[in-house]
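Source file upload_39.pdb; content: PDB, C-alpha atoms and all ligand atoms.
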```pdb
ATOM      1  CA  MET A   1      45.144-100.270  -5.152  1.00  0.00           C
ATOM      2  CA  ASN A   2      44.214-100.537  -8.776  1.00  0.00           C
ATOM      3  CA  LYS A   3      42.811-102.685 -11.516  1.00  0.00           C
ATOM      4  CA  GLN A   4      46.285-103.806 -12.520  1.00  0.00           C
ATOM      5  CA  PHE A   5      46.710-105.329  -9.060  1.00  0.00           C
ATOM      6  CA  SER A   6      43.379-107.147  -9.325  1.00  0.00           C
ATOM      7  CA  GLU A   7      44.369-108.598 -12.684  1.00  0.00           C
ATOM      8  CA  ARG A   8      47.714-109.782 -11.305  1.00  0.00           C
ATOM      9  CA  ASN A   9      46.011-111.127  -8.184  1.00  0.00           C
ATOM     10  CA  ARG A  10      43.540-113.222 -10.178  1.00  0.00           C
ATOM     11  CA  LEU A  11      46.232-114.442 -12.585  1.00  0.00           C
ATOM     12  CA  ARG A  12      48.426-115.611  -9.711  1.00  0.00           C
ATOM     13  CA  CYS A  13      45.438-117.283  -8.066  1.00  0.00           C
ATOM     14  CA  GLU A  14      44.462-119.227 -11.172  1.00  0.00           C
ATOM     15  CA  SER A  15      47.773-119.771 -12.941  1.00  0.00           C
ATOM     16  CA  PRO A  16      49.186-123.328 -12.967  1.00  0.00           C
ATOM     17  CA  ASN A  17      52.492-121.822 -11.839  1.00  0.00           C
ATOM     18  CA  GLY A  18      50.693-119.761  -9.152  1.00  0.00           C
ATOM     19  CA  PHE A  19      48.094-121.189  -6.760  1.00  0.00           C
ATOM     20  CA  ASN A  20      46.380-123.119  -9.588  1.00  0.00           C
ATOM     21  CA  HIS A  21      43.079-122.289  -7.912  1.00  0.00           C
ATOM     22  CA  ARG A  22      40.150-121.262 -10.094  1.00  0.00           C
ATOM     23  CA  LEU A  23      38.462-118.230  -8.596  1.00  0.00           C
ATOM     24  CA  ASN A  24      35.009-119.733  -8.937  1.00  0.00           C
ATOM     25  CA  SER A  25      36.013-123.082  -7.468  1.00  0.00           C
ATOM     26  CA  TRP A  26      35.487-121.423  -4.087  1.00  0.00           C
ATOM     27  CA  SER A  27      32.166-119.956  -3.031  1.00  0.00           C
ATOM     28  CA  GLY A  28      31.774-116.440  -1.725  1.00  0.00           C
ATOM     29  CA  SER A  29      31.580-117.980   1.743  1.00  0.00           C
ATOM     30  CA  ASP A  30      34.935-119.685   1.199  1.00  0.00           C
ATOM     31  CA  TRP A  31      36.588-116.415   0.175  1.00  0.00           C
ATOM     32  CA  MET A  32      34.943-114.603   3.094  1.00  0.00           C
ATOM     33  CA  VAL A  33      36.375-117.159   5.520  1.00  0.00           C
ATOM     34  CA  ALA A  34      39.801-116.498   3.988  1.00  0.00           C
ATOM     35  CA  VAL A  35      39.387-112.724   4.460  1.00  0.00           C
ATOM     36  CA  LEU A  36      38.243-113.135   8.044  1.00  0.00           C
ATOM     37  CA  GLY A  37      41.032-115.622   8.767  1.00  0.00           C
ATOM     38  CA  GLU A  38      43.579-112.982   7.820  1.00  0.00           C
ATOM     39  CA  LEU A  39      41.755-110.328   9.857  1.00  0.00           C
ATOM     40  CA  GLY A  40      41.845-112.757  12.782  1.00  0.00           C
ATOM     41  CA  GLU A  41      45.600-113.084  12.356  1.00  0.00           C
ATOM     42  CA  ALA A  42      45.839-109.274  12.288  1.00  0.00           C
ATOM     43  CA  ALA A  43      43.718-109.071  15.441  1.00  0.00           C
ATOM     44  CA  ASN A  44      46.052-111.478  17.238  1.00  0.00           C
ATOM     45  CA  VAL A  45      49.035-109.297  16.369  1.00  0.00           C
ATOM     46  CA  LEU A  46      47.108-106.240  17.511  1.00  0.00           C
ATOM     47  CA  LYS A  47      46.456-107.984  20.836  1.00  0.00           C
ATOM     48  CA  LYS A  48      50.244-108.275  21.209  1.00  0.00           C
ATOM     49  CA  LEU A  49      50.691-104.605  20.289  1.00  0.00           C
ATOM     50  CA  ASN A  50      48.138-103.792  22.989  1.00  0.00           C
ATOM     51  CA  ARG A  51      50.389-105.687  25.426  1.00  0.00           C
ATOM     52  CA  VAL A  52      53.256-103.434  24.339  1.00  0.00           C
ATOM     53  CA  ARG A  53      51.066-100.371  24.885  1.00  0.00           C
ATOM     54  CA  ASP A  54      50.033-101.561  28.348  1.00  0.00           C
ATOM     55  CA  GLY A  55      53.429-102.909  29.482  1.00  0.00           C
ATOM     56  CA  ILE A  56      52.167-106.498  29.761  1.00  0.00           C
ATOM     57  CA  PRO A  57      54.784-109.277  29.275  1.00  0.00           C
ATOM     58  CA  GLY A  58      54.328-112.305  27.013  1.00  0.00           C
ATOM     59  CA  ASN A  59      55.411-111.230  23.551  1.00  0.00           C
ATOM     60  CA  LYS A  60      58.241-113.044  21.776  1.00  0.00           C
ATOM     61  CA  GLU A  61      58.566-110.445  18.991  1.00  0.00           C
ATOM     62  CA  THR A  62      59.805-106.862  19.207  1.00  0.00           C
ATOM     63  CA  PRO A  63      57.296-104.036  18.724  1.00  0.00           C
ATOM     64  CA  GLU A  64      58.890-103.335  15.329  1.00  0.00           C
ATOM     65  CA  GLN A  65      58.438-106.975  14.269  1.00  0.00           C
ATOM     66  CA  LEU A  66      54.822-106.868  15.462  1.00  0.00           C
ATOM     67  CA  ARG A  67      54.080-103.698  13.482  1.00  0.00           C
ATOM     68  CA  GLU A  68      55.556-105.287  10.353  1.00  0.00           C
ATOM     69  CA  LYS A  69      53.502-108.441  10.937  1.00  0.00           C
ATOM     70  CA  PHE A  70      50.336-106.363  11.502  1.00  0.00           C
ATOM     71  CA  SER A  71      50.914-104.633   8.187  1.00  0.00           C
ATOM     72  CA  SER A  72      51.412-107.977   6.419  1.00  0.00           C
ATOM     73  CA  GLU A  73      48.265-109.527   7.869  1.00  0.00           C
ATOM     74  CA  LEU A  74      46.138-106.542   6.837  1.00  0.00           C
ATOM     75  CA  ALA A  75      47.628-106.785   3.354  1.00  0.00           C
ATOM     76  CA  ASP A  76      46.837-110.528   3.281  1.00  0.00           C
ATOM     77  CA  ALA A  77      43.229-109.640   4.111  1.00  0.00           C
ATOM     78  CA  TYR A  78      43.152-107.115   1.271  1.00  0.00           C
ATOM     79  CA  VAL A  79      44.438-109.686  -1.225  1.00  0.00           C
ATOM     80  CA  TYR A  80      41.647-112.085  -0.254  1.00  0.00           C
ATOM     81  CA  LEU A  81      39.069-109.284  -0.166  1.00  0.00           C
ATOM     82  CA  ASP A  82      39.995-108.427  -3.737  1.00  0.00           C
ATOM     83  CA  LEU A  83      39.498-112.073  -4.753  1.00  0.00           C
ATOM     84  CA  LEU A  84      36.188-112.226  -2.887  1.00  0.00           C
ATOM     85  CA  CYS A  85      35.022-109.149  -4.779  1.00  0.00           C
ATOM     86  CA  GLN A  86      36.183-110.574  -8.098  1.00  0.00           C
ATOM     87  CA  SER A  87      34.229-113.759  -7.405  1.00  0.00           C
ATOM     88  CA  TYR A  88      31.112-111.543  -7.391  1.00  0.00           C
ATOM     89  CA  ASP A  89      32.249-109.442 -10.380  1.00  0.00           C
ATOM     90  CA  ILE A  90      32.698-106.472  -8.059  1.00  0.00           C
ATOM     91  CA  ASP A  91      35.480-104.023  -8.857  1.00  0.00           C
ATOM     92  CA  LEU A  92      36.745-103.229  -5.358  1.00  0.00           C
ATOM     93  CA  GLU A  93      38.438 -99.980  -6.356  1.00  0.00           C
ATOM     94  CA  ASP A  94      35.295 -98.701  -8.067  1.00  0.00           C
ATOM     95  CA  ALA A  95      33.123 -99.820  -5.140  1.00  0.00           C
ATOM     96  CA  VAL A  96      35.344 -98.034  -2.612  1.00  0.00           C
ATOM     97  CA  LYS A  97      35.303 -94.812  -4.628  1.00  0.00           C
ATOM     98  CA  LYS A  98      31.524 -94.994  -4.980  1.00  0.00           C
ATOM     99  CA  VAL A  99      30.813 -95.388  -1.264  1.00  0.00           C
ATOM    100  CA  PHE A 100      33.461 -92.828  -0.322  1.00  0.00           C
ATOM    101  CA  GLU A 101      31.956 -90.202  -2.621  1.00  0.00           C
ATOM    102  CA  ALA A 102      28.410 -91.019  -1.483  1.00  0.00           C
ATOM    103  CA  LYS A 103      29.337 -90.627   2.200  1.00  0.00           C
ATOM    104  CA  SER A 104      31.215 -87.384   1.506  1.00  0.00           C
ATOM    105  CA  GLU A 105      28.133 -86.059  -0.277  1.00  0.00           C
ATOM    106  CA  GLN A 106      25.890 -87.196   2.582  1.00  0.00           C
ATOM    107  CA  ILE A 107      27.872 -85.320   5.231  1.00  0.00           C
ATOM    108  CA  GLY A 108      28.576 -82.306   3.030  1.00  0.00           C
ATOM    109  CA  TYR A 109      32.326 -82.894   2.964  1.00  0.00           C
ATOM    110  CA  ARG A 110      34.328 -80.914   0.402  1.00  0.00           C
ATOM    111  CA  GLU A 111      38.003 -81.605  -0.312  1.00  0.00           C
TER     112      GLU A 111
HETATM  113 MG    MG B   1      48.358-114.060   7.047  1.00  0.00          MG
END
```
Reformat the file's structure so that it appears as structure tokens.
Amino acid sequence: MNKQFSERNRLRCESPNGFNHRLNSWSGSDWMVAVLGELGEAANVLKKLNRVRDGIPGNKETPEQLREKFSSELADAYVYLDLLCQSYDIDLEDAVKKVFEAKSEQIGYRE
């Protein structure tokens, strides 16, 4: 993802013709609950994919529909994670690169 996405994400969040929701009108805890809510939705879909894996009945959706839904829920979580980061003036892309490079250095990984 990139900075352009973060800018668009915040604009849509705050715009009167978007969600009309000022970023800082929610606390970090509020945004975290939103992130975890989406991860919970993803986990529920993954539970159903585990049923597919194990041959357990009970799903109403096809495996293909479940995989698409799993992808969407993870993406929902990312959108909220980006907003959570912005609420703390954290650039998520920069933060990810920083920790990735630090861990690579720590374990002696060379690309
Ligand atoms: Mg969702």
For a quick check of understanding, using all atoms listed in the file, which of A:His21, A:Lys69, A:Lys60, A:Arg8 has the smallest distance to ligand MG 1 (chain B)?
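Residue with the minimum atom-to-atom distance to ligand MG 1 (chain B): A:Lys69.
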- Message: Neighbours of ligand MG 1 (chain B) at 10 Å or closer, counting all atoms listed in the file: which residues, as a list in words?
- Response: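 Result of the 10 Å neighbour search around ligand MG 1 (chain B): Ala34, Val35, Gly37, Glu38, Leu39, Gly40, Glu41, Ala42, Lys69, Phe70, Ser71, Ser72, Glu73, Leu74, Ala75, Asp76 and Ala77 of chain A.
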Requested in this report: Please measure the separation of CA of Leu11 in chain A and CA of Lys97 in chain A, giving the value in Å to one decimal.
Outcome: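 Atom-to-atom, CA of Leu11 in chain A and CA of Lys97 in chain A are spaced 23.8 Å apart.
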Given 8 Å of margin on each side, can you work out the centre and size in Å (one decimal) of an axis-aligned box holding every listed atom of range 90-109 of chain A, as JSON?
```
{"center_x": 32.2, "center_y": -94.4, "center_z": -1.8, "size_x": 28.5, "size_y": 40.2, "size_z": 30.1}
```
Atom pair CA of Leu36 in chain A + CA of Leu84 in chain A, distance 11.2 Å
Suppose a student applies the PyMOL selection byres (((chain A and resi 63) around 10) and not hetatm) to this structure; what residues should they get, written as a compact mmCIF listing (two decimals) with C-alpha atoms, in the frame of the given file?
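Below is the file expr.txt, written as the result:
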```txt
# COMPACT_ATOMS: atom_id res chain seq x y z
CA LYS A 48 50.24 -108.28 21.21
CA LEU A 49 50.69 -104.60 20.29
CA ARG A 51 50.39 -105.69 25.43
CA VAL A 52 53.26 -103.43 24.34
CA ARG A 53 51.07 -100.37 24.88
CA ASN A 59 55.41 -111.23 23.55
CA LYS A 60 58.24 -113.04 21.78
CA GLU A 61 58.57 -110.44 18.99
CA THR A 62 59.80 -106.86 19.21
CA GLU A 64 58.89 -103.34 15.33
CA GLN A 65 58.44 -106.98 14.27
CA LEU A 66 54.82 -106.87 15.46
CA ARG A 67 54.08 -103.70 13.48
CA GLU A 68 55.56 -105.29 10.35
CA LYS A 69 53.50 -108.44 10.94
```
One decimal, in Å: what's the spacing between CA of Asn20 in chain A and CA of Lys3 in chain A?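 Rounded to one decimal, the two atoms are 20.8 Å apart.
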Where does the PyMOL selection byres (((chain A and resi 92) around 9) and not hetatm) land in this file, that is, which residues does it pick, as a PyMOL selection string?
-> chain A and resi 1-3+6+81-82+85-86+90-91+93-97
Shortest contact to Val33 in chain A, candidates A:Glu111, A:Glu105, A:Tyr88, A:Tyr80, atoms counted only C-alpha atoms, goes to A:Tyr80
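Here the PyMOL selection byres (((chain A and resi 28) around 8) and not hetatm) captures the residues Trp26, Ser27, Ser29, Asp30, Trp31, Met32, Leu84, Ser87 and Tyr88 of chain A.
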May I have the selected residues written with C-alpha atoms, as a tab-separated table (two decimals), in the coordinates of the input?
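What follows is the written file again10.tsv:
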```tsv
chain	number	residue	atom	x	y	z
A	26	TRP	CA	35.49	-121.42	-4.09
A	27	SER	CA	32.17	-119.96	-3.03
A	29	SER	CA	31.58	-117.98	1.74
A	30	ASP	CA	34.94	-119.68	1.20
A	31	TRP	CA	36.59	-116.42	0.18
A	32	MET	CA	34.94	-114.60	3.09
A	84	LEU	CA	36.19	-112.23	-2.89
A	87	SER	CA	34.23	-113.76	-7.40
A	88	TYR	CA	31.11	-111.54	-7.39
```
